[in-house]
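Novice: Below is model31.cif; it holds mmCIF, C-alpha atoms, pLDDT in the B column; chains and numbers go by the auth columns.
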```cif
data_my_file
#
loop_
_atom_site.group_PDB
_atom_site.id
_atom_site.type_symbol
_atom_site.label_atom_id
_atom_site.label_comp_id
_atom_site.label_asym_id
_atom_site.label_seq_id
_atom_site.Cartn_x
_atom_site.Cartn_y
_atom_site.Cartn_z
_atom_site.B_iso_or_equiv
_atom_site.auth_seq_id
_atom_site.auth_asym_id
ATOM 1 C CA MET A 1 102.386 -31.496 57.976 43.00 1 A
ATOM 2 C CA SER A 2 106.098 -30.947 57.752 44.00 2 A
ATOM 3 C CA TRP A 3 106.729 -32.806 54.502 43.00 3 A
ATOM 4 C CA ASN A 4 106.677 -31.470 50.975 47.00 4 A
ATOM 5 C CA PRO A 5 103.433 -32.821 49.500 50.00 5 A
ATOM 6 C CA LYS A 6 104.880 -32.832 45.973 49.00 6 A
ATOM 7 C CA THR A 7 107.518 -35.490 46.633 57.00 7 A
ATOM 8 C CA VAL A 8 107.297 -39.122 47.655 67.00 8 A
ATOM 9 C CA ASP A 9 111.031 -39.769 47.731 78.00 9 A
ATOM 10 C CA GLU A 10 110.787 -40.909 51.345 89.00 10 A
ATOM 11 C CA LEU A 11 107.766 -43.182 50.914 95.00 11 A
ATOM 12 C CA LEU A 12 108.051 -46.348 52.977 96.00 12 A
ATOM 13 C CA LEU A 13 105.749 -49.292 52.293 97.00 13 A
ATOM 14 C CA ARG A 14 105.636 -51.767 55.153 98.00 14 A
ATOM 15 C CA THR A 15 103.369 -54.065 57.088 98.00 15 A
ATOM 16 C CA PHE A 16 101.514 -53.227 60.279 98.00 16 A
ATOM 17 C CA ARG A 17 103.352 -52.809 63.535 96.00 17 A
ATOM 18 C CA SER A 18 102.404 -51.897 67.058 95.00 18 A
ATOM 19 C CA GLY A 19 101.360 -48.262 67.211 96.00 19 A
ATOM 20 C CA ASP A 20 99.648 -48.230 63.773 97.00 20 A
ATOM 21 C CA GLU A 21 96.197 -48.859 65.260 97.00 21 A
ATOM 22 C CA ASP A 22 95.234 -45.187 65.612 97.00 22 A
ATOM 23 C CA ALA A 23 96.350 -44.236 62.096 98.00 23 A
ATOM 24 C CA PHE A 24 94.539 -47.253 60.610 98.00 24 A
ATOM 25 C CA ARG A 25 91.360 -46.236 62.421 97.00 25 A
ATOM 26 C CA SER A 26 91.500 -42.483 61.722 97.00 26 A
ATOM 27 C CA LEU A 27 92.435 -42.797 58.029 98.00 27 A
ATOM 28 C CA ASN A 28 89.555 -45.184 57.434 97.00 28 A
ATOM 29 C CA GLU A 29 87.040 -43.230 59.498 97.00 29 A
ATOM 30 C CA ALA A 30 87.870 -40.128 57.431 96.00 30 A
ATOM 31 C CA TRP A 31 87.181 -41.637 54.006 93.00 31 A
ATOM 32 C CA ILE A 32 84.151 -43.647 55.100 95.00 32 A
ATOM 33 C CA ALA A 33 82.501 -40.680 56.846 94.00 33 A
ATOM 34 C CA GLN A 34 83.161 -38.442 53.838 92.00 34 A
ATOM 35 C CA ALA A 35 80.934 -40.423 51.450 89.00 35 A
ATOM 36 C CA PHE A 36 79.095 -42.966 53.596 93.00 36 A
ATOM 37 C CA SER A 37 78.432 -43.720 57.234 94.00 37 A
ATOM 38 C CA LEU A 38 80.376 -45.980 59.551 94.00 38 A
ATOM 39 C CA GLU A 39 78.654 -49.326 59.801 94.00 39 A
ATOM 40 C CA PRO A 40 78.897 -51.888 62.629 95.00 40 A
ATOM 41 C CA ALA A 41 81.276 -54.042 60.534 94.00 41 A
ATOM 42 C CA ASP A 42 83.576 -51.019 60.071 95.00 42 A
ATOM 43 C CA ARG A 43 83.616 -50.283 63.777 96.00 43 A
ATOM 44 C CA GLU A 44 84.383 -53.909 64.633 95.00 44 A
ATOM 45 C CA VAL A 45 87.459 -54.064 62.368 96.00 45 A
ATOM 46 C CA LEU A 46 88.710 -50.542 63.079 97.00 46 A
ATOM 47 C CA ASP A 47 88.410 -50.952 66.845 96.00 47 A
ATOM 48 C CA ASN A 48 90.459 -54.160 66.895 96.00 48 A
ATOM 49 C CA PRO A 49 92.444 -54.843 63.712 97.00 49 A
ATOM 50 C CA ARG A 50 94.680 -57.334 65.497 97.00 50 A
ATOM 51 C CA ALA A 51 91.750 -59.617 66.349 97.00 51 A
ATOM 52 C CA HIS A 52 89.783 -59.181 63.122 97.00 52 A
ATOM 53 C CA ILE A 53 92.617 -59.111 60.561 98.00 53 A
ATOM 54 C CA LEU A 54 96.066 -60.037 61.858 98.00 54 A
ATOM 55 C CA SER A 55 95.232 -62.953 64.164 97.00 55 A
ATOM 56 C CA ARG A 56 93.128 -64.562 61.414 96.00 56 A
ATOM 57 C CA GLY A 57 95.991 -64.806 58.925 96.00 57 A
ATOM 58 C CA GLY A 58 95.601 -61.422 57.278 97.00 58 A
ATOM 59 C CA GLN A 59 97.880 -58.414 57.116 98.00 59 A
ATOM 60 C CA ILE A 60 97.695 -54.635 57.038 98.00 60 A
ATOM 61 C CA CYS A 61 99.893 -52.701 54.629 98.00 61 A
ATOM 62 C CA ILE A 62 101.034 -49.221 55.557 98.00 62 A
ATOM 63 C CA ALA A 63 102.281 -46.272 53.464 98.00 63 A
ATOM 64 C CA GLN A 64 104.466 -43.980 55.514 97.00 64 A
ATOM 65 C CA LEU A 65 105.731 -40.656 54.174 95.00 65 A
ATOM 66 C CA HIS A 66 108.349 -38.674 56.056 92.00 66 A
ATOM 67 C CA GLY A 67 107.566 -40.671 59.187 92.00 67 A
ATOM 68 C CA GLU A 68 103.789 -40.176 59.020 96.00 68 A
ATOM 69 C CA VAL A 69 101.302 -42.923 58.127 98.00 69 A
ATOM 70 C CA VAL A 70 99.442 -41.580 55.076 98.00 70 A
ATOM 71 C CA GLY A 71 97.843 -44.747 53.720 98.00 71 A
ATOM 72 C CA CYS A 72 96.747 -48.220 54.630 98.00 72 A
ATOM 73 C CA CYS A 73 95.169 -51.325 53.187 98.00 73 A
ATOM 74 C CA ALA A 74 93.974 -54.505 54.879 98.00 74 A
ATOM 75 C CA LEU A 75 94.253 -58.053 53.567 98.00 75 A
ATOM 76 C CA VAL A 76 91.548 -60.027 55.372 98.00 76 A
ATOM 77 C CA ALA A 77 91.609 -63.835 55.223 97.00 77 A
ATOM 78 C CA ILE A 78 88.230 -65.039 53.911 96.00 78 A
ATOM 79 C CA ALA A 79 89.012 -68.623 52.862 95.00 79 A
ATOM 80 C CA PRO A 80 92.109 -70.766 52.368 96.00 80 A
ATOM 81 C CA GLY A 81 94.230 -68.999 49.739 96.00 81 A
ATOM 82 C CA GLN A 82 91.805 -66.078 49.465 97.00 82 A
ATOM 83 C CA LEU A 83 92.081 -62.596 50.892 98.00 83 A
ATOM 84 C CA GLU A 84 89.738 -59.644 50.831 97.00 84 A
ATOM 85 C CA LEU A 85 91.365 -56.317 50.028 98.00 85 A
ATOM 86 C CA ALA A 86 89.656 -53.903 52.420 97.00 86 A
ATOM 87 C CA LYS A 87 90.008 -50.599 54.212 97.00 87 A
ATOM 88 C CA MET A 88 92.290 -49.112 51.554 97.00 88 A
ATOM 89 C CA THR A 89 92.773 -45.374 51.765 97.00 89 A
ATOM 90 C CA VAL A 90 95.297 -42.586 51.386 97.00 90 A
ATOM 91 C CA ALA A 91 95.063 -39.399 53.445 97.00 91 A
ATOM 92 C CA ALA A 92 93.425 -36.550 51.523 94.00 92 A
ATOM 93 C CA SER A 93 96.589 -34.476 51.944 94.00 93 A
ATOM 94 C CA ALA A 94 98.689 -37.158 50.224 95.00 94 A
ATOM 95 C CA ARG A 95 96.393 -38.004 47.307 93.00 95 A
ATOM 96 C CA GLY A 96 97.488 -37.420 43.742 92.00 96 A
ATOM 97 C CA LEU A 97 101.072 -38.519 44.379 94.00 97 A
ATOM 98 C CA GLY A 98 100.731 -42.130 43.230 95.00 98 A
ATOM 99 C CA ILE A 99 100.785 -43.461 46.780 97.00 99 A
ATOM 100 C CA GLY A 100 97.563 -45.444 46.310 96.00 100 A
ATOM 101 C CA ARG A 101 98.989 -47.240 43.264 97.00 101 A
ATOM 102 C CA LYS A 102 102.213 -48.060 45.105 97.00 102 A
ATOM 103 C CA LEU A 103 100.333 -49.193 48.194 98.00 103 A
ATOM 104 C CA LEU A 104 98.028 -51.431 46.160 97.00 104 A
ATOM 105 C CA GLY A 105 100.994 -52.954 44.311 97.00 105 A
ATOM 106 C CA PHE A 106 102.677 -53.605 47.659 97.00 106 A
ATOM 107 C CA ALA A 107 99.490 -55.188 49.048 98.00 107 A
ATOM 108 C CA ILE A 108 99.288 -57.508 46.039 97.00 108 A
ATOM 109 C CA SER A 109 102.904 -58.559 46.645 97.00 109 A
ATOM 110 C CA VAL A 110 102.209 -59.174 50.338 97.00 110 A
ATOM 111 C CA ALA A 111 99.139 -61.239 49.407 97.00 111 A
ATOM 112 C CA ARG A 112 101.329 -63.425 47.192 96.00 112 A
ATOM 113 C CA GLN A 113 103.873 -63.804 50.008 95.00 113 A
ATOM 114 C CA ILE A 114 101.091 -64.895 52.367 94.00 114 A
ATOM 115 C CA GLY A 115 100.195 -67.551 49.792 95.00 115 A
ATOM 116 C CA ALA A 116 96.946 -66.154 48.426 97.00 116 A
ATOM 117 C CA HIS A 117 95.816 -67.229 44.983 97.00 117 A
ATOM 118 C CA ARG A 118 92.894 -64.784 44.829 97.00 118 A
ATOM 119 C CA LEU A 119 92.133 -61.268 46.025 98.00 119 A
ATOM 120 C CA TYR A 120 88.519 -60.162 46.366 97.00 120 A
ATOM 121 C CA LEU A 121 87.150 -56.712 47.143 97.00 121 A
ATOM 122 C CA GLU A 122 83.910 -54.881 47.674 97.00 122 A
ATOM 123 C CA SER A 123 83.517 -51.226 46.802 97.00 123 A
ATOM 124 C CA ASN A 124 80.977 -48.664 45.717 96.00 124 A
ATOM 125 C CA THR A 125 80.355 -46.844 42.444 96.00 125 A
ATOM 126 C CA LYS A 126 81.002 -43.535 44.277 95.00 126 A
ATOM 127 C CA ALA A 127 84.666 -44.572 44.643 94.00 127 A
ATOM 128 C CA GLU A 128 85.419 -43.915 40.961 94.00 128 A
ATOM 129 C CA ALA A 129 89.143 -43.240 41.369 93.00 129 A
ATOM 130 C CA ALA A 130 89.628 -46.382 43.460 95.00 130 A
ATOM 131 C CA LEU A 131 87.684 -48.532 40.993 96.00 131 A
ATOM 132 C CA HIS A 132 89.792 -47.189 38.131 96.00 132 A
ATOM 133 C CA LEU A 133 92.989 -47.978 40.050 97.00 133 A
ATOM 134 C CA TYR A 134 91.812 -51.508 40.855 97.00 134 A
ATOM 135 C CA GLU A 135 91.040 -52.127 37.193 97.00 135 A
ATOM 136 C CA GLN A 136 94.420 -50.727 36.099 96.00 136 A
ATOM 137 C CA LEU A 137 96.145 -53.218 38.396 96.00 137 A
ATOM 138 C CA GLY A 138 94.183 -56.167 37.036 96.00 138 A
ATOM 139 C CA PHE A 139 91.047 -56.472 39.155 97.00 139 A
ATOM 140 C CA ARG A 140 87.938 -57.415 37.203 97.00 140 A
ATOM 141 C CA ARG A 141 84.327 -56.787 38.121 97.00 141 A
ATOM 142 C CA MET A 142 82.264 -59.811 38.991 96.00 142 A
ATOM 143 C CA ALA A 143 78.660 -60.570 39.870 95.00 143 A
ATOM 144 C CA ALA A 144 77.655 -60.076 43.469 91.00 144 A
ATOM 145 C CA PRO A 145 78.623 -63.119 45.537 89.00 145 A
ATOM 146 C CA ASP A 146 76.053 -65.536 46.901 89.00 146 A
ATOM 147 C CA HIS A 147 76.766 -64.427 50.467 86.00 147 A
ATOM 148 C CA PRO A 148 75.489 -61.019 51.591 89.00 148 A
ATOM 149 C CA SER A 149 78.046 -58.265 52.097 92.00 149 A
ATOM 150 C CA LYS A 150 78.813 -57.010 55.597 92.00 150 A
ATOM 151 C CA TYR A 151 78.485 -53.493 54.189 94.00 151 A
ATOM 152 C CA GLU A 152 75.287 -51.832 52.987 91.00 152 A
ATOM 153 C CA ARG A 153 77.364 -49.525 50.762 95.00 153 A
ATOM 154 C CA ALA A 154 78.910 -52.404 48.739 96.00 154 A
ATOM 155 C CA ASN A 155 77.576 -52.419 45.184 95.00 155 A
ATOM 156 C CA VAL A 156 80.715 -53.290 43.203 97.00 156 A
ATOM 157 C CA PHE A 157 82.513 -56.619 43.581 97.00 157 A
ATOM 158 C CA MET A 158 85.909 -57.374 42.048 98.00 158 A
ATOM 159 C CA GLU A 159 88.552 -60.062 42.059 97.00 159 A
ATOM 160 C CA LEU A 160 92.151 -60.552 41.039 98.00 160 A
ATOM 161 C CA PRO A 161 93.546 -64.037 40.501 97.00 161 A
ATOM 162 C CA LEU A 162 97.124 -64.162 41.776 95.00 162 A
ATOM 163 C CA ILE A 163 99.501 -66.300 39.811 79.00 163 A
ATOM 164 C CA SER A 164 103.149 -66.955 40.416 58.00 164 A
ATOM 165 C CA GLY A 165 106.005 -66.176 38.049 53.00 165 A
ATOM 166 C CA LYS A 166 106.170 -69.895 37.258 50.00 166 A
ATOM 167 C CA ASP A 167 102.533 -69.757 36.136 46.00 167 A
ATOM 168 C CA LEU A 168 103.347 -66.808 33.857 47.00 168 A
ATOM 169 C CA VAL A 169 105.953 -68.892 32.024 43.00 169 A
ATOM 170 C CA THR A 170 103.401 -71.656 31.525 41.00 170 A
ATOM 171 C CA ILE A 171 100.818 -69.200 30.226 43.00 171 A
ATOM 172 C CA ALA A 172 103.301 -67.613 27.817 46.00 172 A
ATOM 173 C CA GLY A 173 104.090 -71.013 26.352 47.00 173 A
ATOM 174 C CA SER A 174 106.555 -73.766 26.947 44.00 174 A
ATOM 175 C CA PRO A 175 110.243 -73.024 26.522 44.00 175 A
ATOM 176 C CA LYS A 176 111.808 -73.637 23.110 40.00 176 A
ATOM 177 C CA ARG A 177 113.705 -76.871 22.769 36.00 177 A
#
```
As structure tokens, how would this structure be written, given the file I've shared?

Specialist:
Amino acid sequence: MSWNPKTVDELLLRTFRSGDEDAFRSLNEAWIAQAFSLEPADREVLDNPRAHILSRGGQICIAQLHGEVVGCCALVAIAPGQLELAKMTVAASARGLGIGRKLLGFAISVARQIGAHRLYLESNTKAEAALHLYEQLGFRRMAAPDHPSKYERANVFMELPLISGKDLVTIAGSPKR
């Protein structure tokens, strides 16, 4: 890589655009194959993210450093106002720079812009760093859902209620009169 791995001064967070398909696939294949095995549900989404994510009302967030895609995260529509955070990864060569935290924060903002009121995710206890990051940004563990997961590896389930700034004012208390 031609970029200095110690700086993220040229980090660009953006949504998916034509040409990102290969990076989305290869970044995800790398992390999944490292600790697990690719499952049919992985292959389906990675082979056609436009059909399985974008055309269904979801979005894919991209982290680009010095012109190279180094991270990604999918927001998959699962119900009205609800998105699943999925396929989040940062390239091994770009880890430890805070890119995952920035990418997750960006994905949460995009989810709000889409109109989601809840983010849901499935993970695995082997993904300790990711679980810690999710918790730091407000995700809370929950019981396994009633529906079966598409992924055999899923053994941790989390959610993040999304509230607007207006809701924050209401929670903090009514304005002084």

Novice: Tell me which residues the PyMOL selection byres ((chain A and resi 140) around 6) grabs here, as a PyMOL selection string.

Specialist: chain A and resi 139+141+158-159

Novice: Include C-alpha atoms and write out the residues we just selected as a CSV table (one decimal), in the coordinates of the input.

Specialist:
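File produced: selection.csv:
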```
chain,number,residue,atom,x,y,z
A,139,PHE,CA,91.0,-56.5,39.2
A,141,ARG,CA,84.3,-56.8,38.1
A,158,MET,CA,85.9,-57.4,42.0
A,159,GLU,CA,88.6,-60.1,42.1
```

Novice: Using all atoms listed in the file for the distances, tell me which of A:Ala35, A:Ala129, A:Ile60, A:Ala116 is nearest to Arg101 of chain A.

Specialist: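 Smallest distance to Arg101 of chain A is found for A:Ala129.
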
Novice: May I ask which of the residues A:Gly67, A:Pro80, A:Gly58, A:Pro145 is the closest one to Ala107 of chain A, counting all atoms listed in the file?

Specialist: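 Selected residue with least distance to Ala107 of chain A: A:Gly58.
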
Novice: Which residue is closest to Leu97 of chain A? Choose from A:His117, A:Val76, A:Val70, A:Val110 and count only C-alpha atoms.

Specialist: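 For Leu97 of chain A, the nearest of the candidates is A:Val70.
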
Novice: With all atoms listed in the file as the basis for distance, which of A:Lys150, A:Lys87, A:Cys61, A:Ala79 is at the shortest distance from Glu29 of chain A?

Specialist: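 Of A:Lys150, A:Lys87, A:Cys61, A:Ala79, the one nearest Glu29 of chain A, counting all atoms listed in the file, is A:Lys87.
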
Novice: Quick one: of A:Asn124, A:Gln113, A:Gln34, A:Gln136, who's nearest to Ser149 of chain A, counting all atoms listed in the file?

Specialist: A:Asn124

Novice: Measuring between all atoms listed in the file, which one of A:Arg56, A:Gly71, A:Asp47, A:Ala77 shows the shortest distance to Ala92 of chain A?

Specialist: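 Checking each candidate against Ala92 of chain A, we get A:Gly71 as the closest.
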
Novice: So how many Å separate atom CA of Leu54 of chain A and atom CA of Thr15 of chain A, to one decimal?

Specialist: 10.6 Å

Novice: Leu38 of chain A: which residues within 12 Å, counting only C-alpha atoms, same-chain residues fewer than 6 positions away excluded, as a CSV table (one decimal) with C-alpha atoms, in the coordinates of the input?

Specialist:
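Contents of part14.csv, freshly written:
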```
chain,number,residue,atom,x,y,z
A,25,ARG,CA,91.4,-46.2,62.4
A,26,SER,CA,91.5,-42.5,61.7
A,28,ASN,CA,89.6,-45.2,57.4
A,29,GLU,CA,87.0,-43.2,59.5
A,30,ALA,CA,87.9,-40.1,57.4
A,31,TRP,CA,87.2,-41.6,54.0
A,32,ILE,CA,84.2,-43.6,55.1
A,44,GLU,CA,84.4,-53.9,64.6
A,45,VAL,CA,87.5,-54.1,62.4
A,46,LEU,CA,88.7,-50.5,63.1
A,47,ASP,CA,88.4,-51.0,66.8
A,87,LYS,CA,90.0,-50.6,54.2
A,150,LYS,CA,78.8,-57.0,55.6
A,151,TYR,CA,78.5,-53.5,54.2
A,152,GLU,CA,75.3,-51.8,53.0
A,153,ARG,CA,77.4,-49.5,50.8
```

Novice: When you draw a straight line from atom CA of Ala143 of chain A to atom CA of Ile53 of chain A, how long is it in Å?

Specialist: 25.0 Å

Novice: Could you write segment 102-117 of chain A as a PDB file, keeping the file's coordinate frame, with N, CA and C atoms rebuilt where they are missing?

Specialist:
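Done, and the output landed in result.pdb:
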```pdb
ATOM      1  N   LYS A 102     101.078 -47.363  44.494  1.00 97.00           N
ATOM      2  CA  LYS A 102     102.213 -48.060  45.105  1.00 97.00           C
ATOM      3  C   LYS A 102     101.764 -48.947  46.256  1.00 97.00           C
ATOM      4  N   LEU A 103     100.849 -48.430  47.058  1.00 98.00           N
ATOM      5  CA  LEU A 103     100.333 -49.193  48.194  1.00 98.00           C
ATOM      6  C   LEU A 103      99.583 -50.432  47.718  1.00 98.00           C
ATOM      7  N   LEU A 104      98.765 -50.282  46.688  1.00 97.00           N
ATOM      8  CA  LEU A 104      98.028 -51.431  46.160  1.00 97.00           C
ATOM      9  C   LEU A 104      98.982 -52.463  45.573  1.00 97.00           C
ATOM     10  N   GLY A 105      99.992 -52.021  44.844  1.00 97.00           N
ATOM     11  CA  GLY A 105     100.994 -52.954  44.311  1.00 97.00           C
ATOM     12  C   GLY A 105     101.707 -53.700  45.426  1.00 97.00           C
ATOM     13  N   PHE A 106     102.034 -52.985  46.493  1.00 97.00           N
ATOM     14  CA  PHE A 106     102.677 -53.605  47.659  1.00 97.00           C
ATOM     15  C   PHE A 106     101.742 -54.624  48.301  1.00 97.00           C
ATOM     16  N   ALA A 107     100.464 -54.269  48.445  1.00 98.00           N
ATOM     17  CA  ALA A 107      99.490 -55.188  49.048  1.00 98.00           C
ATOM     18  C   ALA A 107      99.349 -56.465  48.215  1.00 98.00           C
ATOM     19  N   ILE A 108      99.364 -56.336  46.904  1.00 97.00           N
ATOM     20  CA  ILE A 108      99.288 -57.508  46.039  1.00 97.00           C
ATOM     21  C   ILE A 108     100.505 -58.395  46.247  1.00 97.00           C
ATOM     22  N   SER A 109     101.675 -57.789  46.376  1.00 97.00           N
ATOM     23  CA  SER A 109     102.904 -58.559  46.645  1.00 97.00           C
ATOM     24  C   SER A 109     102.837 -59.265  47.992  1.00 97.00           C
ATOM     25  N   VAL A 110     102.347 -58.569  49.004  1.00 97.00           N
ATOM     26  CA  VAL A 110     102.209 -59.174  50.338  1.00 97.00           C
ATOM     27  C   VAL A 110     101.219 -60.337  50.273  1.00 97.00           C
ATOM     28  N   ALA A 111     100.129 -60.162  49.543  1.00 97.00           N
ATOM     29  CA  ALA A 111      99.139 -61.239  49.407  1.00 97.00           C
ATOM     30  C   ALA A 111      99.779 -62.486  48.800  1.00 97.00           C
ATOM     31  N   ARG A 112     100.620 -62.288  47.798  1.00 96.00           N
ATOM     32  CA  ARG A 112     101.329 -63.425  47.192  1.00 96.00           C
ATOM     33  C   ARG A 112     102.257 -64.085  48.218  1.00 96.00           C
ATOM     34  N   GLN A 113     102.965 -63.265  48.995  1.00 95.00           N
ATOM     35  CA  GLN A 113     103.873 -63.804  50.008  1.00 95.00           C
ATOM     36  C   GLN A 113     103.118 -64.611  51.062  1.00 95.00           C
ATOM     37  N   ILE A 114     101.923 -64.169  51.395  1.00 94.00           N
ATOM     38  CA  ILE A 114     101.091 -64.895  52.367  1.00 94.00           C
ATOM     39  C   ILE A 114     100.637 -66.227  51.782  1.00 94.00           C
ATOM     40  N   GLY A 115     100.607 -66.320  50.453  1.00 95.00           N
ATOM     41  CA  GLY A 115     100.195 -67.551  49.792  1.00 95.00           C
ATOM     42  C   GLY A 115      98.809 -67.494  49.178  1.00 95.00           C
ATOM     43  N   ALA A 116      98.274 -66.294  49.018  1.00 97.00           N
ATOM     44  CA  ALA A 116      96.946 -66.154  48.426  1.00 97.00           C
ATOM     45  C   ALA A 116      96.999 -66.434  46.930  1.00 97.00           C
ATOM     46  N   HIS A 117      95.938 -67.029  46.420  1.00 97.00           N
ATOM     47  CA  HIS A 117      95.816 -67.229  44.983  1.00 97.00           C
ATOM     48  C   HIS A 117      94.692 -66.369  44.402  1.00 97.00           C
TER      49      HIS A 117
END
```
